[in-house]
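Enquirer: You'll find data20.cif just under this line, and it carries mmCIF, C-alpha atoms and all ligand atoms.
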data_protein
loop_
_atom_site.group_PDB
_atom_site.id
_atom_site.type_symbol
_atom_site.label_atom_id
_atom_site.label_comp_id
_atom_site.auth_asym_id
_atom_site.auth_seq_id
_atom_site.Cartn_x
_atom_site.Cartn_y
_atom_site.Cartn_z
ATOM 1 C CA MET A 1 -79.232 23.130 54.186
ATOM 2 C CA THR A 2 -76.749 20.275 53.928
ATOM 3 C CA CYS A 3 -76.963 18.095 50.825
ATOM 4 C CA LYS A 4 -77.529 14.481 51.865
ATOM 5 C CA ARG A 5 -76.517 13.167 48.434
ATOM 6 C CA CYS A 6 -79.522 11.093 47.413
ATOM 7 C CA LYS A 7 -78.098 10.867 43.898
ATOM 8 C CA LEU A 8 -75.395 8.251 44.360
ATOM 9 C CA PHE A 9 -74.886 8.139 40.598
ATOM 10 C CA GLU A 10 -73.210 11.507 40.932
ATOM 11 C CA GLN A 11 -70.422 9.856 42.935
ATOM 12 C CA ASP A 12 -67.518 8.061 41.321
ATOM 13 C CA LYS A 13 -66.816 4.456 42.300
ATOM 14 C CA GLU A 14 -64.274 5.334 44.977
ATOM 15 C CA GLN A 15 -66.604 7.812 46.625
ATOM 16 C CA LEU A 16 -69.440 5.320 46.496
ATOM 17 C CA LEU A 17 -67.348 2.571 48.108
ATOM 18 C CA SER A 18 -66.233 5.015 50.775
ATOM 19 C CA THR A 19 -69.871 5.965 51.433
ATOM 20 C CA LEU A 20 -70.876 2.317 51.779
ATOM 21 C CA LYS A 21 -67.940 1.538 54.088
ATOM 22 C CA SER A 22 -68.775 4.533 56.275
ATOM 23 C CA TYR A 23 -72.365 3.376 56.471
ATOM 24 C CA ILE A 24 -71.285 -0.137 57.496
ATOM 25 C CA GLU A 25 -68.950 1.307 60.147
ATOM 26 C CA SER A 26 -71.765 3.461 61.506
ATOM 27 C CA LEU A 27 -73.963 0.442 62.256
ATOM 28 C CA SER A 28 -74.149 -0.828 65.795
ATOM 29 C CA GLU A 29 -71.969 -3.867 66.446
ATOM 30 C CA GLU A 30 -74.983 -5.675 67.871
ATOM 31 C CA ASP A 31 -76.768 -5.318 64.531
ATOM 32 C CA LYS A 32 -73.885 -6.820 62.571
ATOM 33 C CA VAL A 33 -72.900 -10.421 61.993
ATOM 34 C CA SER A 34 -69.399 -11.655 62.828
ATOM 35 C CA GLN A 35 -66.643 -11.106 60.280
ATOM 36 C CA GLU A 36 -66.584 -14.857 59.638
ATOM 37 C CA LEU A 37 -70.303 -15.016 58.877
ATOM 38 C CA TYR A 38 -70.086 -11.828 56.798
ATOM 39 C CA GLU A 39 -67.415 -13.364 54.594
ATOM 40 C CA GLU A 40 -69.383 -16.584 54.286
ATOM 41 C CA ARG A 41 -72.481 -14.691 53.189
ATOM 42 C CA LEU A 42 -70.499 -12.660 50.667
ATOM 43 C CA SER A 43 -68.860 -15.788 49.263
ATOM 44 C CA ARG A 44 -72.348 -17.092 48.507
ATOM 45 C CA CYS A 45 -73.265 -13.841 46.801
ATOM 46 C CA GLU A 46 -70.073 -14.007 44.752
ATOM 47 C CA CYS A 47 -71.178 -17.359 43.332
ATOM 48 C CA CYS A 48 -74.731 -16.197 42.697
ATOM 49 C CA GLU A 49 -76.020 -15.592 39.181
ATOM 50 C CA SER A 50 -78.117 -12.717 40.527
ATOM 51 C CA LEU A 51 -75.161 -10.575 41.556
ATOM 52 C CA GLY A 52 -74.169 -7.757 39.211
ATOM 53 C CA ASN A 53 -71.762 -4.916 39.984
ATOM 54 C CA GLY A 54 -72.166 -5.511 43.697
ATOM 55 C CA LEU A 55 -75.952 -5.378 43.547
ATOM 56 C CA CYS A 56 -78.449 -8.155 44.150
ATOM 57 C CA LYS A 57 -80.965 -8.126 41.328
ATOM 58 C CA PHE A 58 -83.804 -9.296 43.569
ATOM 59 C CA CYS A 59 -83.659 -6.665 46.284
ATOM 60 C CA GLY A 60 -81.516 -4.001 44.649
ATOM 61 C CA CYS A 61 -79.229 -3.878 47.667
ATOM 62 C CA PHE A 62 -75.496 -3.585 47.658
ATOM 63 C CA VAL A 63 -74.694 -7.002 49.060
ATOM 64 C CA ILE A 64 -71.756 -5.685 51.125
ATOM 65 C CA VAL A 65 -74.357 -3.720 53.066
ATOM 66 C CA ARG A 66 -77.158 -6.278 53.148
ATOM 67 C CA ALA A 67 -74.923 -9.156 54.222
ATOM 68 C CA ILE A 68 -73.496 -7.339 57.258
ATOM 69 C CA LYS A 69 -76.895 -7.029 58.917
ATOM 70 C CA LYS A 70 -78.047 -9.814 61.228
ATOM 71 C CA LYS A 71 -81.718 -9.266 60.436
ATOM 72 C CA MET A 72 -81.313 -9.483 56.668
ATOM 73 C CA ASN A 73 -81.661 -12.614 54.622
ATOM 74 C CA CYS A 74 -80.977 -13.527 51.030
ATOM 75 C CA PRO A 75 -84.100 -12.695 48.961
ATOM 76 C CA HIS A 76 -83.542 -15.303 46.240
ATOM 77 C CA PRO A 77 -87.035 -16.499 45.165
ATOM 78 C CA ARG A 78 -85.850 -20.083 44.678
ATOM 79 C CA GLY A 79 -84.472 -20.350 48.191
ATOM 80 C CA GLU A 80 -82.271 -18.287 50.429
ATOM 81 C CA ARG A 81 -78.559 -18.673 49.853
ATOM 82 C CA TRP A 82 -77.937 -17.308 53.350
ATOM 83 C CA HIS A 83 -80.221 -16.695 56.278
ATOM 84 C CA LYS A 84 -81.136 -14.098 58.819
ATOM 85 C CA GLN A 85 -79.403 -14.495 62.178
ATOM 86 C CA ASP A 86 -81.597 -14.476 65.306
HETATM 87 S S1 LIG B 1 -79.946 -13.544 45.611
HETATM 88 FE FE1 LIG B 1 -78.946 -13.843 47.606
HETATM 89 S S2 LIG B 1 -76.965 -14.775 47.161
HETATM 90 FE FE2 LIG B 1 -77.748 -13.870 45.259
HETATM 91 S S3 LIG B 1 -76.843 -11.824 45.194
HETATM 92 FE FE3 LIG B 1 -78.863 -11.644 46.152
HETATM 93 S S4 LIG B 1 -78.444 -11.774 48.359
HETATM 94 FE FE4 LIG B 1 -76.632 -12.573 47.293
#
Is it possible to express this structure as structure tokens?

Expert:
Amino acid sequence: MTCKRCKLFEQDKEQLLSTLKSYIESLSEEDKVSQELYEERLSRCECCESLGNGLCKFCGCFVIVRAIKKKMNCPHPRGERWHKQD
């Protein structure tokens, strides 16, 4: 049986980043926002007090993954910093 590596903490940072990039690349283009919108979303995360080590403290997502998806929104309880795209 192939190990699917549920324990990401066993990966070093480079492996983890590579895993996340591969995941992003595997998503359908129609499920992703444009590069411009992606960068805009990430710039808002970068300025957010809830971002730590690439993770959003409210949802626990890696924001580089969450922000690429059209159907995702920012989960900030005091108001979304970026919105889902229809
Ligand atoms: S609360 Fe929103 S803006 Fe802040 S890190 Fe999470 S997803 Fe990004």

Enquirer: Rounded to one decimal, what separation in Å do you get between atom CA of A:Ile68 and atom CA of A:Arg81?

Expert: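 Calculated distance between atom CA of A:Ile68 and atom CA of A:Arg81 is 14.5 Å.
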
Enquirer: Quick one: everything within 10 Å of A:Tyr23, counting all atoms listed in the file, minus sequence neighbours fewer than 5 positions away in the same chain. Send it as a PyMOL selection string.

Expert: chain A and resi 17-18+65

Enquirer: Let me have the centre and edge lengths of the axis-aligned box enclosing all listed atoms of stretch 17-24 of chain A with 8 Å padding on every side, in Å to one decimal, as lines of an AutoDock Vina configuration file.

Expert:
center_x = -69.3
center_y = 2.9
center_z = 52.8
size_x = 22.1
size_y = 22.1
size_z = 25.4

Enquirer: Evaluate the PyMOL selection byres (((not hetatm)) within 10 of (chain B and resi 1)) against this structure - the residues, as a ChimeraX atom specification, please.

Expert: /A:41-52,54-64,66-67,72-83

Enquirer: Quick one: pull the distance between atom CA of A:Lys21 and atom CA of A:Gln85, Å, one decimal.

Expert: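 So the answer is 21.3 Å.
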
Enquirer: As an exercise, work out the distance from atom CA of A:Lys13 to atom CA of A:Ser28 in Å and give it to one decimal place.

Expert: 25.2 Å

Enquirer: Contacts of A:Lys71 at 10 Å or less, counting only C-alpha atoms, minus same-chain residues fewer than 6 places along, as a ChimeraX atom specification?

Expert: /A:31-33,83-86

Enquirer: Can you spit out the residues from that selection as a PDB file, in the frame of the given file, using C-alpha atoms?

Expert:
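Here's the written file again12.pdb:
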ATOM      1  CA  ASP A  31     -76.768  -5.318  64.531  1.00  0.00           C
ATOM      2  CA  LYS A  32     -73.885  -6.820  62.571  1.00  0.00           C
ATOM      3  CA  VAL A  33     -72.900 -10.421  61.993  1.00  0.00           C
ATOM      4  CA  HIS A  83     -80.221 -16.695  56.278  1.00  0.00           C
ATOM      5  CA  LYS A  84     -81.136 -14.098  58.819  1.00  0.00           C
ATOM      6  CA  GLN A  85     -79.403 -14.495  62.178  1.00  0.00           C
ATOM      7  CA  ASP A  86     -81.597 -14.476  65.306  1.00  0.00           C
TER       8      ASP A  86
END

Enquirer: Can you give me N, CA and C atoms for stretch 40-52 of chain A, written as a PDB file, in the frame of the given file?

Expert:
ATOM      1  N   GLU A  40     -68.671 -15.411  54.815  1.00  0.00           N
ATOM      2  CA  GLU A  40     -69.383 -16.584  54.286  1.00  0.00           C
ATOM      3  C   GLU A  40     -70.589 -16.151  53.441  1.00  0.00           C
ATOM      4  N   ARG A  41     -71.333 -15.192  53.953  1.00  0.00           N
ATOM      5  CA  ARG A  41     -72.481 -14.691  53.189  1.00  0.00           C
ATOM      6  C   ARG A  41     -72.017 -14.107  51.848  1.00  0.00           C
ATOM      7  N   LEU A  42     -70.970 -13.297  51.907  1.00  0.00           N
ATOM      8  CA  LEU A  42     -70.499 -12.660  50.667  1.00  0.00           C
ATOM      9  C   LEU A  42     -69.952 -13.689  49.677  1.00  0.00           C
ATOM     10  N   SER A  43     -69.366 -14.760  50.180  1.00  0.00           N
ATOM     11  CA  SER A  43     -68.860 -15.788  49.263  1.00  0.00           C
ATOM     12  C   SER A  43     -70.027 -16.447  48.520  1.00  0.00           C
ATOM     13  N   ARG A  44     -71.164 -16.537  49.188  1.00  0.00           N
ATOM     14  CA  ARG A  44     -72.348 -17.092  48.507  1.00  0.00           C
ATOM     15  C   ARG A  44     -72.890 -16.112  47.465  1.00  0.00           C
ATOM     16  N   CYS A  45     -72.850 -14.851  47.784  1.00  0.00           N
ATOM     17  CA  CYS A  45     -73.265 -13.841  46.801  1.00  0.00           C
ATOM     18  C   CYS A  45     -72.324 -13.861  45.588  1.00  0.00           C
ATOM     19  N   GLU A  46     -71.043 -14.020  45.855  1.00  0.00           N
ATOM     20  CA  GLU A  46     -70.073 -14.007  44.752  1.00  0.00           C
ATOM     21  C   GLU A  46     -70.347 -15.115  43.740  1.00  0.00           C
ATOM     22  N   CYS A  47     -70.887 -16.218  44.209  1.00  0.00           N
ATOM     23  CA  CYS A  47     -71.178 -17.359  43.332  1.00  0.00           C
ATOM     24  C   CYS A  47     -72.592 -17.295  42.751  1.00  0.00           C
ATOM     25  N   CYS A  48     -73.320 -16.260  43.070  1.00  0.00           N
ATOM     26  CA  CYS A  48     -74.731 -16.197  42.697  1.00  0.00           C
ATOM     27  C   CYS A  48     -74.906 -15.530  41.328  1.00  0.00           C
ATOM     28  N   GLU A  49     -75.751 -16.122  40.520  1.00  0.00           N
ATOM     29  CA  GLU A  49     -76.020 -15.592  39.181  1.00  0.00           C
ATOM     30  C   GLU A  49     -76.790 -14.266  39.228  1.00  0.00           C
ATOM     31  N   SER A  50     -77.306 -13.937  40.394  1.00  0.00           N
ATOM     32  CA  SER A  50     -78.117 -12.717  40.527  1.00  0.00           C
ATOM     33  C   SER A  50     -77.313 -11.513  40.980  1.00  0.00           C
ATOM     34  N   LEU A  51     -76.016 -11.690  41.142  1.00  0.00           N
ATOM     35  CA  LEU A  51     -75.161 -10.575  41.556  1.00  0.00           C
ATOM     36  C   LEU A  51     -74.616  -9.870  40.320  1.00  0.00           C
ATOM     37  N   GLY A  52     -74.735  -8.538  40.307  1.00  0.00           N
ATOM     38  CA  GLY A  52     -74.169  -7.757  39.211  1.00  0.00           C
ATOM     39  C   GLY A  52     -73.655  -6.429  39.723  1.00  0.00           C
TER      40      GLY A  52
END
